[in-house]
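Enquirer: Have a look at this one before I ask anything.
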Amino acid sequence: MSGLGISLTHADQKFYESKEGQAKSVIFIYLPGGMAHQETLDPKPFAPLEYRGPLDSIETNVPGIRLGELLTKTSKVTDKISIIRSMTHGEAAHERGTHNMFTGYRPSPALQYPSMGSVVAHEFGPRHNLPPYVCIPNQPNEYAGTGYLSSSYSGFGVGSDPASENFQVRDLKIPVPDERFARRRKVLDIVNTGFNEKQSADSIDAVNSFYQRAYGLISEKKASESFDLEKEPSALRDKYGRNTAGARMILARRLIESGTRFVTLTYGGWDMHNNIADGMKSQIPAFDQGFATLIEDLDDRGLLDSTLVCVVSEFGRTPKINGNAGRDHWPKVFSTIMAGGGIQRGVAYGTSNPTASEPEENPVNIEDWAATIYDRLGIVSDKELMAPGDRPIEIVDGGKVIKDLII
């Protein structure tokens, strides 16, 4: 039972109230397209060249753990993270693999499942007038949405790339004087009260929730300033990198530091069917710089122990280099990162076989991985939420916490 040492009856599960765990927030870094594990987190330096690929590997600050040669900065914070090298599922299509990683469920034609971010918003709600679930720059795909939950639990999209010049989150400035704004809000509240008494619908709840969160953001200076990267020291912004990866990661840190519970950010394009060497050289350096700085920054601020950082892609890539010097889709085994939030440090959990074609030790399925994330947050993963038609659906179906990953 999700590592909490309790047993819940069927009825108890339906109404069980989640309580904050060690992880108070999540930064969920999504690398769309399917990142090759062989060139990044699970290099095979002794495999034949057609499996090993065009890039070398390097040592890290954890003896026995090697990374792809381009992850030079991540190699220096490997003692602060855990790498799962035995992730596995059976979905080789981008959409279906993405569904797995955002929901913890295998796709079903009968039901759209909620994303982890929406579940967290549902279970805990907002903190410090900030949206509980934020997407940088916007919701990256339909599987990052609310599924069968109310649309009021959707992610708040910042609207544009924080790396862009003069970045501002839309609609955070009050266009009229404070007194006029207060009067307008009071009138709107009166109108809404009467309307809500006569009408009831998910769309109305979602609009009301949107307005309440918008009021909180624009009326409280501290909340709105959480999105302002100009508040960061110039030297720290340089350290993260003044690029897409660095700007999105430093914004994610600002948001969780201020109270957002779940931040999803996307970076890059990793669907490298052709010329994987040049593709990796294009994508990895900015990610490597931003990610390593994020881990160090969180740790220096005392936030890493209460912030779970996940790095995921929808699947891995084929064991052999193809005829176009790239790799194709491969869900049988791939790698992810978990760090902070009560996760062990300096660990490579699970292994793939010598050609990185399938798990060899401690395979990790989607359900167990998702259950472990929820456990760190204090959410019982087999708690039942209500889908349309009063259908009780478990947050995760059958997942077990990976106890060897937990401190």
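Residue names in the structure tokens use chain letters A, B, ... in the order shown, residue numbers from 1 in each chain, and ligand numbers from 1 in the order shown.
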Do you have, as JSON lines, the list of residues of range 46-159 of chain A lying at most 8 Å from range 284-304 of chain A, each with its nearest atom pair and that distance in Å to one decimal, counting only C-alpha atoms and ordered by chain then number?
Expert:
{"residue": "A:Leu70", "atom": "CA", "partner": "A:Ile284", "partner_atom": "CA", "distance": 6.5}
{"residue": "A:Leu71", "atom": "CA", "partner": "A:Asp288", "partner_atom": "CA", "distance": 5.6}
{"residue": "A:Thr72", "atom": "CA", "partner": "A:Asp288", "partner_atom": "CA", "distance": 7.3}
{"residue": "A:Lys73", "atom": "CA", "partner": "A:Ala292", "partner_atom": "CA", "distance": 5.8}
{"residue": "A:Thr74", "atom": "CA", "partner": "A:Ala292", "partner_atom": "CA", "distance": 5.0}
{"residue": "A:Lys76", "atom": "CA", "partner": "A:Ala292", "partner_atom": "CA", "distance": 7.8}
{"residue": "A:Val77", "atom": "CA", "partner": "A:Ala292", "partner_atom": "CA", "distance": 6.3}
{"residue": "A:Lys80", "atom": "CA", "partner": "A:Ile295", "partner_atom": "CA", "distance": 7.5}
Enquirer: Next, dump the selected residues to file, keeping only C-alpha atoms, as a PDB file, in the first residue's frame.
Expert:
ATOM      1  CA  LEU A  70      28.025  15.266 -23.884  1.00  0.00           C
ATOM      2  CA  LEU A  71      26.580  15.210 -20.337  1.00  0.00           C
ATOM      3  CA  THR A  72      29.688  16.805 -18.863  1.00  0.00           C
ATOM      4  CA  LYS A  73      27.905  18.954 -16.276  1.00  0.00           C
ATOM      5  CA  THR A  74      25.370  16.280 -15.301  1.00  0.00           C
ATOM      6  CA  LYS A  76      29.324  16.335 -11.827  1.00  0.00           C
ATOM      7  CA  VAL A  77      25.929  16.141 -10.080  1.00  0.00           C
ATOM      8  CA  LYS A  80      22.662  13.968  -6.291  1.00  0.00           C
TER       9      LYS A  80
END
Enquirer: Could you check which of A:Leu236, A:Ala223, A:Val311, A:Ile81 is closest to Gly259 in chain A, using only C-alpha atoms?
Expert: A:Ala223
Enquirer: If DSSP is run on the backbone, what residues of range 20-92 of chain A are strand (DSSP E or B)? A reply as a ChimeraX atom specification would be ideal.
Expert: /A:25-30,57-59,66-68,82-87
Enquirer: Could you tell me how far CA of Pro109 in chain A lies from CA of Gly398 in chain A, in Å and to one decimal?
Expert: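 Rounded to one decimal, the two atoms are 19.2 Å apart.
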Enquirer: May I ask which of the residues A:Arg253, A:Arg66, A:Lys221, A:Arg106 is the closest one to Thr78 in chain A, counting only C-alpha atoms?
Expert: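 Nearest to Thr78 in chain A: A:Arg66.
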Enquirer: Of the candidates A:Gly246, A:Gly326, A:Gly241, A:Pro331, which one gets nearest to His89 in chain A if we count only C-alpha atoms?
Expert: A:Pro331
Enquirer: Can you work out which one of A:Thr264, A:Asn166, A:Thr60, A:Ser352 has the shortest atom-to-atom distance to Val134 in chain A, counting only C-alpha atoms?
Expert: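 So, comparing all the options, the nearest one is A:Thr264.
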Enquirer: Measuring atom to atom with only C-alpha atoms, identify which of A:Thr244, A:Asn365, A:Thr260, A:Ser154 is nearest to Thr307 in chain A.
Expert: A:Thr260
Enquirer: Please determine, counting only C-alpha atoms, which residue among A:Val347, A:Asn243, A:Lys281, A:Gly389 has the shortest atom-to-atom distance to Asn61 in chain A.
Expert: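 Among A:Val347, A:Asn243, A:Lys281, A:Gly389, it is A:Val347 that comes nearest to Asn61 in chain A.
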Enquirer: Can you tell me, as a list in words, what residues are no more than 8 Å from Ser115 in chain A when counting only C-alpha atoms, ignoring any on the same chain fewer than 4 positions away?
Expert: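 The residues satisfying every condition are Phe102, Thr103, Gly104, Val119, Tyr143, Ala144, Gly145, Thr146 and Gly147 of chain A.
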Enquirer: Would you put the residues from that selection into a file with N, CA and C atoms, as a PDB file, in the first residue's frame?
Expert:
ATOM      1  N   PHE A 102       2.827  10.522 -18.912  1.00  0.00           N
ATOM      2  CA  PHE A 102       2.121  11.623 -18.263  1.00  0.00           C
ATOM      3  C   PHE A 102       1.027  11.161 -17.313  1.00  0.00           C
ATOM      4  N   THR A 103       0.499   9.958 -17.524  1.00  0.00           N
ATOM      5  CA  THR A 103      -0.639   9.514 -16.719  1.00  0.00           C
ATOM      6  C   THR A 103      -0.324   8.344 -15.796  1.00  0.00           C
ATOM      7  N   GLY A 104       0.720   7.573 -16.095  1.00  0.00           N
ATOM      8  CA  GLY A 104       0.966   6.354 -15.333  1.00  0.00           C
ATOM      9  C   GLY A 104       0.051   5.219 -15.737  1.00  0.00           C
ATOM     10  N   VAL A 119      -3.835  15.334 -11.267  1.00  0.00           N
ATOM     11  CA  VAL A 119      -4.136  14.571 -10.048  1.00  0.00           C
ATOM     12  C   VAL A 119      -3.606  15.309  -8.826  1.00  0.00           C
ATOM     13  N   TYR A 143      -2.307  14.556 -23.262  1.00  0.00           N
ATOM     14  CA  TYR A 143      -2.172  13.654 -22.116  1.00  0.00           C
ATOM     15  C   TYR A 143      -1.655  14.367 -20.875  1.00  0.00           C
ATOM     16  N   ALA A 144      -1.271  15.625 -21.017  1.00  0.00           N
ATOM     17  CA  ALA A 144      -0.887  16.448 -19.870  1.00  0.00           C
ATOM     18  C   ALA A 144      -2.101  17.177 -19.297  1.00  0.00           C
ATOM     19  N   GLY A 145      -3.299  16.773 -19.735  1.00  0.00           N
ATOM     20  CA  GLY A 145      -4.524  17.433 -19.315  1.00  0.00           C
ATOM     21  C   GLY A 145      -5.227  16.726 -18.177  1.00  0.00           C
ATOM     22  N   THR A 146      -6.509  17.053 -18.017  1.00  0.00           N
ATOM     23  CA  THR A 146      -7.262  16.609 -16.844  1.00  0.00           C
ATOM     24  C   THR A 146      -7.938  15.260 -17.018  1.00  0.00           C
ATOM     25  N   GLY A 147      -8.017  14.749 -18.261  1.00  0.00           N
ATOM     26  CA  GLY A 147      -8.670  13.456 -18.448  1.00  0.00           C
ATOM     27  C   GLY A 147     -10.108  13.490 -17.973  1.00  0.00           C
TER      28      GLY A 147
END
Enquirer: Could you give me, as an NGL selection string, the residues within 6 Å of range 34-41 of chain A, counting only C-alpha atoms and dropping anything in the same chain fewer than 4 positions from it?
Expert: :A and (67-68 or 270-271 or 313-317 or 334-335)
Enquirer: Restricted to N, CA, C and O atoms, what would the selected residues look like written as an mmCIF file, in the first residue's frame?
Expert:
data_model
loop_
_atom_site.group_PDB
_atom_site.id
_atom_site.type_symbol
_atom_site.label_atom_id
_atom_site.label_comp_id
_atom_site.auth_asym_id
_atom_site.auth_seq_id
_atom_site.Cartn_x
_atom_site.Cartn_y
_atom_site.Cartn_z
ATOM 1 N N LEU A 67 28.146 8.196 -18.153
ATOM 2 C CA LEU A 67 27.124 8.863 -18.938
ATOM 3 C C LEU A 67 27.659 9.150 -20.325
ATOM 4 O O LEU A 67 28.866 9.045 -20.579
ATOM 5 N N GLY A 68 26.750 9.526 -21.228
ATOM 6 C CA GLY A 68 27.171 9.921 -22.555
ATOM 7 C C GLY A 68 28.132 11.097 -22.488
ATOM 8 O O GLY A 68 28.024 11.963 -21.612
ATOM 9 N N TRP A 270 13.739 15.040 -29.738
ATOM 10 C CA TRP A 270 14.646 13.910 -29.541
ATOM 11 C C TRP A 270 14.315 12.716 -30.426
ATOM 12 O O TRP A 270 14.792 11.608 -30.185
ATOM 13 N N ASP A 271 13.528 12.965 -31.494
ATOM 14 C CA ASP A 271 13.124 11.882 -32.400
ATOM 15 C C ASP A 271 14.177 11.746 -33.500
ATOM 16 O O ASP A 271 13.967 12.133 -34.648
ATOM 17 N N SER A 313 11.260 10.759 -21.169
ATOM 18 C CA SER A 313 10.927 10.780 -22.586
ATOM 19 C C SER A 313 9.966 9.621 -22.811
ATOM 20 O O SER A 313 9.849 8.734 -21.950
ATOM 21 N N GLU A 314 9.276 9.599 -23.950
ATOM 22 C CA GLU A 314 8.210 8.602 -24.081
ATOM 23 C C GLU A 314 8.708 7.175 -24.285
ATOM 24 O O GLU A 314 7.994 6.221 -24.017
ATOM 25 N N PHE A 315 9.919 7.015 -24.773
ATOM 26 C CA PHE A 315 10.545 5.697 -24.915
ATOM 27 C C PHE A 315 12.005 5.917 -25.268
ATOM 28 O O PHE A 315 12.491 7.057 -25.294
ATOM 29 N N GLY A 316 12.744 4.819 -25.505
ATOM 30 C CA GLY A 316 14.138 4.918 -25.898
ATOM 31 C C GLY A 316 14.295 4.731 -27.402
ATOM 32 O O GLY A 316 13.351 4.955 -28.178
ATOM 33 N N ARG A 317 15.480 4.312 -27.811
ATOM 34 C CA ARG A 317 15.761 4.143 -29.234
ATOM 35 C C ARG A 317 16.348 2.756 -29.485
ATOM 36 O O ARG A 317 16.855 2.087 -28.583
ATOM 37 N N PHE A 334 14.443 1.802 -21.608
ATOM 38 C CA PHE A 334 14.926 3.174 -21.738
ATOM 39 C C PHE A 334 15.244 3.699 -20.346
ATOM 40 O O PHE A 334 15.110 2.971 -19.351
ATOM 41 N N SER A 335 15.699 4.932 -20.277
ATOM 42 C CA SER A 335 16.178 5.478 -19.007
ATOM 43 C C SER A 335 15.434 6.750 -18.632
ATOM 44 O O SER A 335 15.016 7.526 -19.495
#
Enquirer: Please identify the alpha helix (DSSP H) residues within range 20-206 of chain A (assignment by DSSP from backbone atoms) and present them as an NGL selection string.
Expert: :A and (49-52 or 94-103 or 116-124 or 178-198 or 202-206)
Enquirer: Compile the contact shell of Ala277 in chain A as an NGL selection string: residues with an atom at most 9 Å away, counting only C-alpha atoms, same-chain residues fewer than 3 positions apart removed.
Expert: :A and (39 or 53-55 or 274 or 280-282 or 325-326)
Enquirer: In Å to one decimal, how far is CA of Ile406 in chain A from CA of Gly342 in chain A?
Expert: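 We find that CA of Gly342 in chain A and CA of Ile406 in chain A lie 5.9 Å from each other.
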Enquirer: What lies within 7 Å of Ala371 in chain A using only C-alpha atoms, ignoring chain neighbours under 2 positions off, as a list in words?
Expert: Ser2, Glu367, Asp368, Trp369, Ile373, Tyr374, Asp375, Ser381, Val396, Gly399, Lys400 and Val401 of chain A
Enquirer: Could you write those residues out with C-alpha atoms, as a PDB file, in the first residue's frame?
Expert:
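What ended up in again08.pdb:
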ATOM      1  CA  SER A   2       2.217   2.775  -1.352  1.00  0.00           C
ATOM      2  CA  GLU A 367       2.683   1.654 -12.889  1.00  0.00           C
ATOM      3  CA  ASP A 368       5.506   1.143 -10.359  1.00  0.00           C
ATOM      4  CA  TRP A 369       7.272   4.296 -11.510  1.00  0.00           C
ATOM      5  CA  ILE A 373       6.167   9.457  -7.623  1.00  0.00           C
ATOM      6  CA  TYR A 374       2.784   9.613  -5.902  1.00  0.00           C
ATOM      7  CA  ASP A 375       4.184   7.981  -2.774  1.00  0.00           C
ATOM      8  CA  SER A 381      -1.681   5.566  -5.576  1.00  0.00           C
ATOM      9  CA  VAL A 396      -2.607   4.021 -10.522  1.00  0.00           C
ATOM     10  CA  GLY A 399       1.575  -0.021  -9.120  1.00  0.00           C
ATOM     11  CA  LYS A 400       4.018  -0.809  -6.334  1.00  0.00           C
ATOM     12  CA  VAL A 401       6.469   1.661  -4.827  1.00  0.00           C
TER      13      VAL A 401
END
